$ cat entry_23.cif   # mmCIF, C-alpha atoms
data_final
loop_
_atom_site.label_atom_id
_atom_site.label_comp_id
_atom_site.auth_asym_id
_atom_site.auth_seq_id
_atom_site.Cartn_x
_atom_site.Cartn_y
_atom_site.Cartn_z
CA MET A 1 95.41 114.44 99.36
CA ALA A 2 94.91 117.82 100.91
CA ASN A 3 91.12 117.83 100.69
CA SER A 4 89.52 114.47 101.25
CA VAL A 5 86.84 113.49 98.76
CA SER A 6 86.00 110.32 100.66
CA GLN A 7 83.24 109.49 103.09
CA VAL A 8 83.19 106.28 105.15
CA LEU A 9 80.56 104.89 107.47
CA LEU A 10 80.23 101.78 109.61
CA THR A 11 76.59 101.45 110.62
CA GLU A 12 73.91 99.12 111.91
CA ALA A 13 71.32 100.98 109.83
CA ARG A 14 69.98 99.63 106.55
CA LEU A 15 71.95 100.84 103.52
CA ASP A 16 69.80 102.74 101.04
CA ALA A 17 70.79 105.17 98.32
CA PRO A 18 69.07 108.50 98.86
CA LYS A 19 66.18 108.97 96.41
CA GLU A 20 67.72 112.11 94.93
CA ASP A 21 70.90 110.17 94.10
CA VAL A 22 69.30 107.85 91.57
CA ASP A 23 69.90 110.22 88.63
CA PRO A 24 73.63 110.79 88.00
CA SER A 25 72.93 114.33 86.79
CA THR A 26 71.90 115.34 90.34
CA ALA A 27 73.86 115.97 93.52
CA LEU A 28 75.71 112.64 93.53
CA ARG A 29 78.12 114.19 91.02
CA THR A 30 80.73 116.09 92.94
CA SER A 31 82.13 117.81 89.89
CA LEU A 32 81.34 118.35 86.25
CA ALA A 33 84.72 116.78 85.50
CA ALA A 34 83.39 113.39 86.67
CA GLY A 35 82.15 111.51 83.62
CA ALA A 36 81.73 108.19 85.41
CA VAL A 37 79.81 107.30 88.56
CA VAL A 38 79.95 103.64 89.61
CA ASP A 39 77.78 102.27 92.43
CA PHE A 40 78.50 98.85 93.88
CA TRP A 41 76.16 97.05 96.26
CA GLY A 42 77.43 94.01 98.18
CA VAL A 43 74.30 91.96 98.95
CA VAL A 44 74.02 88.95 101.27
CA ARG A 45 73.32 85.92 99.10
CA GLU A 46 71.16 83.00 100.20
CA LEU A 47 73.83 80.28 100.12
CA GLU A 48 77.06 79.97 102.08
CA ASP A 49 79.18 76.88 101.32
CA GLY A 50 76.15 75.43 99.51
CA ARG A 51 73.91 75.81 102.57
CA LYS A 52 70.94 78.15 102.88
CA ILE A 53 71.39 81.03 105.33
CA GLU A 54 69.06 83.60 106.88
CA GLY A 55 71.72 86.29 106.87
CA ILE A 56 75.12 87.24 108.20
CA ASP A 57 76.19 88.70 111.54
CA TYR A 58 78.95 91.25 110.89
CA GLU A 59 81.25 92.28 113.71
CA ALA A 60 83.93 94.94 113.54
CA HIS A 61 86.52 96.71 115.60
CA LYS A 62 84.72 100.02 114.98
CA ALA A 63 87.51 102.57 115.38
CA MET A 64 90.06 100.45 113.56
CA ALA A 65 87.62 99.52 110.78
CA GLU A 66 86.58 103.13 110.15
CA HIS A 67 90.23 104.22 110.14
CA GLN A 68 91.22 101.53 107.62
CA MET A 69 88.17 102.28 105.45
CA LYS A 70 89.21 105.95 105.36
CA VAL A 71 92.82 105.08 104.53
CA ILE A 72 91.67 102.85 101.66
CA ALA A 73 89.16 105.42 100.34
CA ASP A 74 91.72 108.24 100.46
CA ALA A 75 94.40 106.07 98.80
CA ALA A 76 91.97 105.14 96.03
CA ALA A 77 91.00 108.78 95.51
CA GLU A 78 94.63 109.73 95.06
CA THR A 79 95.76 106.68 93.06
CA PHE A 80 92.83 106.64 90.63
CA GLU A 81 92.28 110.44 90.59
CA LEU A 82 88.72 110.13 91.91
CA SER A 83 86.45 113.05 92.63
CA GLN A 84 84.37 111.08 95.16
CA VAL A 85 84.46 107.89 97.21
CA VAL A 86 81.55 106.85 99.43
CA LEU A 87 82.16 103.63 101.36
CA HIS A 88 79.51 102.32 103.79
CA HIS A 89 79.52 98.91 105.50
CA ARG A 90 76.91 97.46 107.80
CA VAL A 91 77.58 95.69 111.08
CA GLY A 92 75.14 93.58 113.06
CA PHE A 93 72.72 91.14 111.49
CA VAL A 94 72.10 91.61 107.77
CA ARG A 95 69.35 89.45 106.25
CA THR A 96 69.66 87.56 102.99
CA GLY A 97 68.89 89.93 100.13
CA GLU A 98 69.92 93.06 102.04
CA ALA A 99 73.01 95.13 101.31
CA SER A 100 76.01 94.87 103.60
CA LEU A 101 78.21 97.17 101.51
CA PHE A 102 77.64 100.30 99.45
CA LEU A 103 80.40 101.89 97.42
CA ARG A 104 80.14 104.90 95.11
CA VAL A 105 83.10 106.05 93.06
CA SER A 106 83.20 109.11 90.77
CA ALA A 107 86.00 109.63 88.26
CA GLN A 108 86.72 111.48 85.08
CA HIS A 109 86.67 108.24 83.05
CA ARG A 110 84.90 104.86 83.43
CA ALA A 111 88.08 102.75 83.44
CA ALA A 112 89.39 104.51 86.55
CA ALA A 113 85.98 104.26 88.25
CA PHE A 114 85.66 100.52 87.63
CA GLU A 115 89.30 99.77 88.53
CA ALA A 116 89.05 101.84 91.70
CA SER A 117 85.82 100.09 92.74
CA LYS A 118 87.40 96.65 92.38
CA TRP A 119 90.57 97.77 94.18
CA ILE A 120 88.62 99.29 97.08
CA VAL A 121 86.53 96.14 97.65
CA ASP A 122 89.63 93.93 97.44
CA GLU A 123 91.51 96.12 99.95
CA LEU A 124 88.48 96.26 102.25
CA LYS A 125 88.36 92.46 102.39
CA LYS A 126 92.12 92.23 103.04
CA LYS A 127 92.66 95.01 105.56
CA VAL A 128 89.50 96.08 107.38
CA PRO A 129 88.73 94.27 110.66
CA ILE A 130 85.17 93.22 109.83
CA TRP A 131 84.25 89.61 110.48
CA LYS A 132 81.21 87.70 109.32
CA LYS A 133 79.30 84.77 110.75
CA PRO A 134 76.59 83.21 108.57
CA ALA A 135 73.30 82.42 110.33
CA PHE A 136 72.21 78.97 109.20
CA GLY A 137 68.82 77.36 109.70
CA PRO A 138 65.58 78.63 111.16
CA SER A 139 66.99 80.54 114.14
CA ARG A 140 69.57 83.21 114.71
CA PRO A 141 72.49 83.46 115.57
CA GLY A 142 73.33 80.45 113.47
CA LEU A 143 74.74 77.03 113.14
CA LYS A 144 74.94 74.89 116.26
CA ALA A 145 78.27 73.27 115.54
CA THR A 146 81.43 72.17 117.23
CA ALA A 147 84.20 74.73 117.51
CA ARG A 148 86.10 72.86 114.79
CA GLN A 149 83.12 72.97 112.37
CA ALA A 150 82.60 76.67 113.08
CA ALA A 151 86.30 77.38 112.42
CA ILE A 152 86.15 75.50 109.11
CA THR A 153 83.00 77.37 108.03
CA THR A 154 84.54 80.72 108.99
CA ALA A 155 87.83 79.92 107.21
CA LYS A 156 86.01 78.89 104.02
CA SER A 157 83.88 82.04 104.09
CA GLY A 158 86.99 84.23 103.98
CA ILE A 159 85.93 85.97 107.22
CA ARG A 160 85.06 89.12 105.27
#

$ encode --input "entry_23.cif" --output "structure tokens"
Amino acid sequence: MANSVSQVLLTEARLDAPKEDVDPSTALRTSLAAGAVVDFWGVVRELEDGRKIEGIDYEAHKAMAEHQMKVIADAAAETFELSQVVLHHRVGFVRTGEASLFLRVSAQHRAAAFEASKWIVDELKKKVPIWKKPAFGPSRPGLKATARQAAITTAKSGIR
């Protein structure tokens, strides 16, 4: 695409939608041609492998992660004919109940917006170098386990 309609961000800051962006008739619409705006929030859930967690520590290779996020967002914009893609992911410690991912997709029709949202999240999990480590129990950074137990927990969590 000649003009990018995508915005990506890797941040340690809390993810919040700007107050003015709550109403889809306001500035979040990038064009009057966009009839669908889909927001997706990835939120840290309280259980990981059936065990209660306090949150997740996310680590990333920053430059590589931002590059891959941009490649994915731009590819989605072109493939699904999107007018906007906003893709933000947190790094650092994210508490249970807080958002680790925010995605906004604007398209002419709802089918493209929903399909693009799913595709972007799937590609993010496959290709972006962001790793997660659940923090179990009453203290951070997490589970006191053998290296083998930690590897099993990480493998089961999908690392993303």

$ resolve_selection --input "entry_23.cif" --expression "the PyMOL selection byres ((chain A and resi 125) around 12)" --output "ChimeraX atom specification"
/A:42,65,68-69,72,89,101,118-124,126-132,157-160

$ write_last_selection --input "entry_23.cif" --atoms "C-alpha atoms" --output "PDB file, in the frame of the given file"
ATOM      1  CA  GLY A  42      77.430  94.010  98.180  1.00  0.00           C
ATOM      2  CA  ALA A  65      87.620  99.520 110.780  1.00  0.00           C
ATOM      3  CA  GLN A  68      91.220 101.530 107.620  1.00  0.00           C
ATOM      4  CA  MET A  69      88.170 102.280 105.450  1.00  0.00           C
ATOM      5  CA  ILE A  72      91.670 102.850 101.660  1.00  0.00           C
ATOM      6  CA  HIS A  89      79.520  98.910 105.500  1.00  0.00           C
ATOM      7  CA  LEU A 101      78.210  97.170 101.510  1.00  0.00           C
ATOM      8  CA  LYS A 118      87.400  96.650  92.380  1.00  0.00           C
ATOM      9  CA  TRP A 119      90.570  97.770  94.180  1.00  0.00           C
ATOM     10  CA  ILE A 120      88.620  99.290  97.080  1.00  0.00           C
ATOM     11  CA  VAL A 121      86.530  96.140  97.650  1.00  0.00           C
ATOM     12  CA  ASP A 122      89.630  93.930  97.440  1.00  0.00           C
ATOM     13  CA  GLU A 123      91.510  96.120  99.950  1.00  0.00           C
ATOM     14  CA  LEU A 124      88.480  96.260 102.250  1.00  0.00           C
ATOM     15  CA  LYS A 126      92.120  92.230 103.040  1.00  0.00           C
ATOM     16  CA  LYS A 127      92.660  95.010 105.560  1.00  0.00           C
ATOM     17  CA  VAL A 128      89.500  96.080 107.380  1.00  0.00           C
ATOM     18  CA  PRO A 129      88.730  94.270 110.660  1.00  0.00           C
ATOM     19  CA  ILE A 130      85.170  93.220 109.830  1.00  0.00           C
ATOM     20  CA  TRP A 131      84.250  89.610 110.480  1.00  0.00           C
ATOM     21  CA  LYS A 132      81.210  87.700 109.320  1.00  0.00           C
ATOM     22  CA  SER A 157      83.880  82.040 104.090  1.00  0.00           C
ATOM     23  CA  GLY A 158      86.990  84.230 103.980  1.00  0.00           C
ATOM     24  CA  ILE A 159      85.930  85.970 107.220  1.00  0.00           C
ATOM     25  CA  ARG A 160      85.060  89.120 105.270  1.00  0.00           C
TER      26      ARG A 160
END

$ closest_residue --input "entry_23.cif" --among "A:Gln84, A:Thr96, A:Ser106, A:Ser117" --to "Phe136 (chain A)" --atoms "all atoms listed in the file"
A:Thr96

$ atom_distance --input "entry_23.cif" --atom1 "CA of Ala73 (chain A)" --atom2 "CA of Val5 (chain A)"
8.5 Å

$ closest_residue --input "entry_23.cif" --among "A:Ala111, A:Val85, A:Arg51, A:Glu59" --to "Val71 (chain A)" --atoms "all atoms listed in the file"
A:Val85

$ atom_distance --input "entry_23.cif" --atom1 "CA of His109 (chain A)" --atom2 "CA of Phe80 (chain A)"
9.9 Å

$ resolve_selection --input "entry_23.cif" --expression "the PyMOL selection byres ((chain A and resi 57) around 9)" --output "ChimeraX atom specification"
/A:55-56,58-59,91-95,131-135,141-142

$ write_last_selection --input "entry_23.cif" --atoms "C-alpha atoms" --output "tab-separated table (two decimals), in the coordinates of the input"
chain	number	residue	atom	x	y	z
A	55	GLY	CA	71.72	86.29	106.87
A	56	ILE	CA	75.12	87.24	108.20
A	58	TYR	CA	78.95	91.25	110.89
A	59	GLU	CA	81.25	92.28	113.71
A	91	VAL	CA	77.58	95.69	111.08
A	92	GLY	CA	75.14	93.58	113.06
A	93	PHE	CA	72.72	91.14	111.49
A	94	VAL	CA	72.10	91.61	107.77
A	95	ARG	CA	69.35	89.45	106.25
A	131	TRP	CA	84.25	89.61	110.48
A	132	LYS	CA	81.21	87.70	109.32
A	133	LYS	CA	79.30	84.77	110.75
A	134	PRO	CA	76.59	83.21	108.57
A	135	ALA	CA	73.30	82.42	110.33
A	141	PRO	CA	72.49	83.46	115.57
A	142	GLY	CA	73.33	80.45	113.47

$ atom_distance --input "entry_23.cif" --atom1 "CA of Leu32 (chain A)" --atom2 "CA of Ala112 (chain A)"
16.0 Å

$ residues_around --input "entry_23.cif" --residues "Leu87 (chain A)" --least-positions-apart "5" --cutoff "9 Å" --atoms "all atoms listed in the file" --output "list of chain:residue names"
A:Ser6, A:Gln7, A:Val8, A:Leu9, A:Leu10, A:Met69, A:Lys70, A:Ala73, A:Leu101, A:Phe102, A:Leu103, A:Arg104, A:Val105, A:Ile120

$ axis_aligned_box --input "entry_23.cif" --around "region 42-49 of chain A" --padding-each-side "6 Å" --output "JSON"
{"center_x": 75.2, "center_y": 85.4, "center_z": 100.1, "size_x": 20.0, "size_y": 29.1, "size_z": 15.9}

$ closest_residue --input "entry_23.cif" --among "A:Ala107, A:Ala116, A:Ala99, A:Ala36" --to "Ala76 (chain A)" --atoms "only C-alpha atoms"
A:Ala116
